[in-house]
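K.L.:
Quick one: structure below, then a few questions.
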Amino acid sequence: GDGYEGVDNLAFGTAGPCNIPSDIPWASTSPITGTIPGGGSMDLTLTINTLGLTPGSTYPALLCVISNASNAPVLPLPITLSVIAPAYGVDISPDQSASATAGTSAFYSLSITNTGNITDTFDLSASGLWAASPSLPSLTLAPGAAGIFSVSVAVPLSVADGDTDLTTLTAVSQAQPSATAAVQLTTTAIVAPVYSLALSAHQPASAAAGTSASYTLAITNTANPADTFHLSASGAS
């Protein structure tokens with residue numbers, strides 16, 4: 001036949017308190033009453049509120065189920081709440097190196113992990129001689145969750161081939177600023193070689209038949225790499 005089962009309230013203790021139940025401030029159930037058909041069941045939602053409770057402490061209680069069941073008119077269900085102290089932590093990886101042509105940017109893909117036990121938001125910043133910026137200003141992660149973001153480093157036009165810059169990417173917890181992590185990004189500039197030369201202007205000269213005229217000319221390498229030049233002369237014989 002039909003049976004009735006209702007949740008009356010919650011009380012502390014392990015023996016006897018369901019006879020004199022009293023509310024506890026950190027737990028509540030929904031619904032608090034209901035009717036269950038024979039052989040049926042009902043889902044109850046137990047909500048816990050740790051506001052004002054002491055981290056590291058344990059709180060025992062009983063959930064008292066009062067019904068018209070002849071074999072168990074009062075069913076005590078023990079519950080225990082352990083309040084975990086919040087822990088904050090973050091990890092970023094990995095350190096990386098990359099190259100980019102002057103006037104362009106090097107891009108890095110990084111992974112960030114919330115190593116704490118509560119949801120946290122991490123502010124991201126980049127510092128170095130060359131302009132650098134993360135793709136996101138901040139990232140919110142659940143405990144143990146990881147996220148991916150990128151960092152771009154702009155290589156100036158004024159650099160020389162092989163110049164390097166060290167960018168430090170830092171993540172800081174908004175909830176606990178002492179929880180930080182950083183990686184080092186090393187960017188190397190590539191400057192494409194440019195080849196050009198300059199020859200001094202033509203100098204007029206004269207010489208008697210059967211003799212030679214001499215000219216002194218200056219050749220200048222106006223490019224950025226060292227170079228070897230081959231000279232040749234042409235004209236009417």
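Ligands are numbered from 1 in the order shown, chains are lettered A, B, ... in the order of the structure tokens, and residues start at 1 in each chain.
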Set the distance at 8 Å and use only C-alpha atoms: which residues neighbour Val183 of chain A once local chain neighbours fewer than 6 positions away are removed? I'd like the list as a VMD selection string.
P.N.:
chain A and resid 92 to 95 168 to 170
K.L.:
Just asking: which residues within segment 9-169 of chain A are strand (DSSP E) according to DSSP, as a ChimeraX atom specification?
P.N.:
/A:9-11,27-30,35-36,45-48,58-67,74-82,90-93,96-101,105-114,120-127,132-134,138-141,146-154,164-169
K.L.:
Using only C-alpha atoms, determine which residues lie at most 9 Å from Ser28 of chain A, disregarding the query and same-chain residues fewer than 2 positions distant; provide the list as a PyMOL selection string.
P.N.:
chain A and resi 9-10+23-26+30+32+45-49
K.L.:
Keeping only C-alpha atoms, write the selected residues to a file as an mmCIF file, in the first residue's frame.
P.N.:
data_model
loop_
_atom_site.group_PDB
_atom_site.id
_atom_site.type_symbol
_atom_site.label_atom_id
_atom_site.label_comp_id
_atom_site.auth_asym_id
_atom_site.auth_seq_id
_atom_site.Cartn_x
_atom_site.Cartn_y
_atom_site.Cartn_z
ATOM 1 C CA ASN A 9 14.504 18.486 10.046
ATOM 2 C CA LEU A 10 18.188 18.047 10.828
ATOM 3 C CA ASP A 23 17.466 22.757 12.777
ATOM 4 C CA ILE A 24 21.116 23.220 11.943
ATOM 5 C CA PRO A 25 22.217 26.369 10.112
ATOM 6 C CA TRP A 26 24.507 24.813 7.531
ATOM 7 C CA SER A 30 14.256 19.915 -0.505
ATOM 8 C CA ILE A 32 10.907 18.527 3.319
ATOM 9 C CA THR A 45 18.407 17.439 -2.337
ATOM 10 C CA LEU A 46 20.693 18.198 0.589
ATOM 11 C CA THR A 47 22.155 21.714 0.386
ATOM 12 C CA ILE A 48 25.245 22.628 2.416
ATOM 13 C CA ASN A 49 26.260 26.203 3.258
#
K.L.:
If you count only C-alpha atoms, which residues fall within 8 Å of Ala205 of chain A, apart from same-chain ones fewer than 2 positions away, as an MDAnalysis selection string?
P.N.:
chainID A and resid 203 207 213:215
K.L.:
Using only C-alpha atoms, determine which residues lie at most 8 Å from segment 152-159 of chain A, disregarding the query and same-chain residues fewer than 2 positions distant; provide the list as an NGL selection string.
P.N.:
:A and (100-108 or 130-135 or 150 or 161 or 163 or 167 or 187 or 189 or 191)
K.L.:
If you keep N, CA, C and O atoms, can you produce a file of those selected residues as a PDB file, in the first residue's frame?
P.N.:
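Result went into result_1.pdb, see below:
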ATOM      1  N   ALA A 100      61.302  34.811 -35.300  1.00  0.00           N
ATOM      2  CA  ALA A 100      60.390  35.545 -36.181  1.00  0.00           C
ATOM      3  C   ALA A 100      61.165  36.611 -36.928  1.00  0.00           C
ATOM      4  O   ALA A 100      62.161  37.148 -36.426  1.00  0.00           O
ATOM      5  N   THR A 101      60.724  36.905 -38.131  1.00  0.00           N
ATOM      6  CA  THR A 101      61.372  37.926 -38.953  1.00  0.00           C
ATOM      7  C   THR A 101      61.085  39.307 -38.377  1.00  0.00           C
ATOM      8  O   THR A 101      60.006  39.570 -37.847  1.00  0.00           O
ATOM      9  N   ALA A 102      62.086  40.181 -38.459  1.00  0.00           N
ATOM     10  CA  ALA A 102      61.913  41.556 -37.984  1.00  0.00           C
ATOM     11  C   ALA A 102      60.677  42.182 -38.615  1.00  0.00           C
ATOM     12  O   ALA A 102      60.437  42.049 -39.813  1.00  0.00           O
ATOM     13  N   GLY A 103      59.873  42.853 -37.793  1.00  0.00           N
ATOM     14  CA  GLY A 103      58.642  43.451 -38.273  1.00  0.00           C
ATOM     15  C   GLY A 103      57.436  42.541 -38.164  1.00  0.00           C
ATOM     16  O   GLY A 103      56.320  42.963 -38.479  1.00  0.00           O
ATOM     17  N   THR A 104      57.634  41.295 -37.729  1.00  0.00           N
ATOM     18  CA  THR A 104      56.521  40.366 -37.527  1.00  0.00           C
ATOM     19  C   THR A 104      56.506  39.935 -36.060  1.00  0.00           C
ATOM     20  O   THR A 104      57.261  40.458 -35.238  1.00  0.00           O
ATOM     21  N   SER A 105      55.656  38.971 -35.721  1.00  0.00           N
ATOM     22  CA  SER A 105      55.522  38.523 -34.335  1.00  0.00           C
ATOM     23  C   SER A 105      55.731  37.024 -34.219  1.00  0.00           C
ATOM     24  O   SER A 105      55.425  36.261 -35.143  1.00  0.00           O
ATOM     25  N   ALA A 106      56.277  36.613 -33.080  1.00  0.00           N
ATOM     26  CA  ALA A 106      56.369  35.196 -32.726  1.00  0.00           C
ATOM     27  C   ALA A 106      55.185  34.860 -31.830  1.00  0.00           C
ATOM     28  O   ALA A 106      54.783  35.675 -30.990  1.00  0.00           O
ATOM     29  N   PHE A 107      54.615  33.660 -32.010  1.00  0.00           N
ATOM     30  CA  PHE A 107      53.434  33.268 -31.242  1.00  0.00           C
ATOM     31  C   PHE A 107      53.740  32.010 -30.428  1.00  0.00           C
ATOM     32  O   PHE A 107      54.377  31.071 -30.924  1.00  0.00           O
ATOM     33  N   TYR A 108      53.262  32.006 -29.196  1.00  0.00           N
ATOM     34  CA  TYR A 108      53.475  30.896 -28.276  1.00  0.00           C
ATOM     35  C   TYR A 108      52.127  30.424 -27.743  1.00  0.00           C
ATOM     36  O   TYR A 108      51.266  31.239 -27.399  1.00  0.00           O
ATOM     37  N   TRP A 130      60.822  43.670 -25.884  1.00  0.00           N
ATOM     38  CA  TRP A 130      59.966  43.730 -27.060  1.00  0.00           C
ATOM     39  C   TRP A 130      58.502  43.635 -26.628  1.00  0.00           C
ATOM     40  O   TRP A 130      58.174  42.977 -25.631  1.00  0.00           O
ATOM     41  N   ALA A 131      57.632  44.300 -27.365  1.00  0.00           N
ATOM     42  CA  ALA A 131      56.204  44.328 -27.018  1.00  0.00           C
ATOM     43  C   ALA A 131      55.622  42.916 -27.060  1.00  0.00           C
ATOM     44  O   ALA A 131      55.801  42.179 -28.035  1.00  0.00           O
ATOM     45  N   ALA A 132      54.918  42.544 -25.978  1.00  0.00           N
ATOM     46  CA  ALA A 132      54.312  41.215 -25.893  1.00  0.00           C
ATOM     47  C   ALA A 132      52.959  41.331 -25.206  1.00  0.00           C
ATOM     48  O   ALA A 132      52.765  42.177 -24.332  1.00  0.00           O
ATOM     49  N   SER A 133      52.027  40.458 -25.605  1.00  0.00           N
ATOM     50  CA  SER A 133      50.700  40.495 -24.996  1.00  0.00           C
ATOM     51  C   SER A 133      50.060  39.113 -25.051  1.00  0.00           C
ATOM     52  O   SER A 133      50.175  38.406 -26.059  1.00  0.00           O
ATOM     53  N   PRO A 134      49.381  38.707 -23.953  1.00  0.00           N
ATOM     54  CA  PRO A 134      48.616  37.448 -23.974  1.00  0.00           C
ATOM     55  C   PRO A 134      47.310  37.632 -24.723  1.00  0.00           C
ATOM     56  O   PRO A 134      46.792  38.750 -24.839  1.00  0.00           O
ATOM     57  N   SER A 135      46.763  36.543 -25.233  1.00  0.00           N
ATOM     58  CA  SER A 135      45.508  36.603 -25.993  1.00  0.00           C
ATOM     59  C   SER A 135      44.309  36.866 -25.093  1.00  0.00           C
ATOM     60  O   SER A 135      43.263  37.298 -25.577  1.00  0.00           O
ATOM     61  N   SER A 150      47.371  32.052 -25.842  1.00  0.00           N
ATOM     62  CA  SER A 150      48.571  32.318 -26.625  1.00  0.00           C
ATOM     63  C   SER A 150      49.184  33.652 -26.218  1.00  0.00           C
ATOM     64  O   SER A 150      48.530  34.496 -25.611  1.00  0.00           O
ATOM     65  N   ASP A 161      70.104  40.680 -37.037  1.00  0.00           N
ATOM     66  CA  ASP A 161      69.867  39.241 -37.160  1.00  0.00           C
ATOM     67  C   ASP A 161      70.472  38.514 -35.966  1.00  0.00           C
ATOM     68  O   ASP A 161      71.620  38.732 -35.592  1.00  0.00           O
ATOM     69  N   ASP A 163      69.433  38.786 -32.812  1.00  0.00           N
ATOM     70  CA  ASP A 163      69.098  39.422 -31.533  1.00  0.00           C
ATOM     71  C   ASP A 163      68.004  38.624 -30.839  1.00  0.00           C
ATOM     72  O   ASP A 163      67.120  38.050 -31.488  1.00  0.00           O
ATOM     73  N   THR A 167      60.903  37.189 -22.743  1.00  0.00           N
ATOM     74  CA  THR A 167      59.596  37.639 -22.258  1.00  0.00           C
ATOM     75  C   THR A 167      59.171  36.758 -21.095  1.00  0.00           C
ATOM     76  O   THR A 167      59.239  35.532 -21.179  1.00  0.00           O
ATOM     77  N   THR A 187      62.635  34.832 -27.730  1.00  0.00           N
ATOM     78  CA  THR A 187      62.362  35.122 -29.142  1.00  0.00           C
ATOM     79  C   THR A 187      63.644  35.588 -29.823  1.00  0.00           C
ATOM     80  O   THR A 187      64.338  36.468 -29.309  1.00  0.00           O
ATOM     81  N   ALA A 189      65.397  37.133 -33.351  1.00  0.00           N
ATOM     82  CA  ALA A 189      65.064  37.899 -34.556  1.00  0.00           C
ATOM     83  C   ALA A 189      65.749  37.315 -35.783  1.00  0.00           C
ATOM     84  O   ALA A 189      66.909  36.897 -35.729  1.00  0.00           O
ATOM     85  N   VAL A 191      66.683  38.576 -39.526  1.00  0.00           N
ATOM     86  CA  VAL A 191      66.760  39.725 -40.430  1.00  0.00           C
ATOM     87  C   VAL A 191      67.243  39.221 -41.777  1.00  0.00           C
ATOM     88  O   VAL A 191      68.373  38.729 -41.902  1.00  0.00           O
TER      89      VAL A 191
END
K.L.:
Contacts of Thr180 of chain A at 9 Å or less, counting only C-alpha atoms, minus same-chain residues fewer than 4 places along, as a ChimeraX atom specification?
P.N.:
/A:89-91,122,170-173,176
K.L.:
Just give me the gap between atom CA of Leu139 of chain A and atom CA of Ser111 of chain A in Å, one decimal is fine.
P.N.:
11.1 Å
K.L.:
Name all residues at most 12 Å from Ala226 of chain A (count only C-alpha atoms; drop same-chain ones fewer than 4 positions away) and give them as number ranges by chain.
P.N.:
A: 193-197, 220-222
K.L.:
With C-alpha atoms retained, write the just-selected residues as a CSV table (one decimal), in the first residue's frame.
P.N.:
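Saved the output as result.csv:
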chain,number,residue,atom,x,y,z
A,193,PRO,CA,70.1,39.7,-45.8
A,194,VAL,CA,70.0,42.6,-48.3
A,195,TYR,CA,72.7,42.8,-51.0
A,196,SER,CA,73.8,46.0,-52.6
A,197,LEU,CA,76.9,48.0,-53.5
A,220,THR,CA,81.1,50.2,-50.9
A,221,ASN,CA,79.1,47.3,-49.5
A,222,THR,CA,75.8,49.1,-48.6
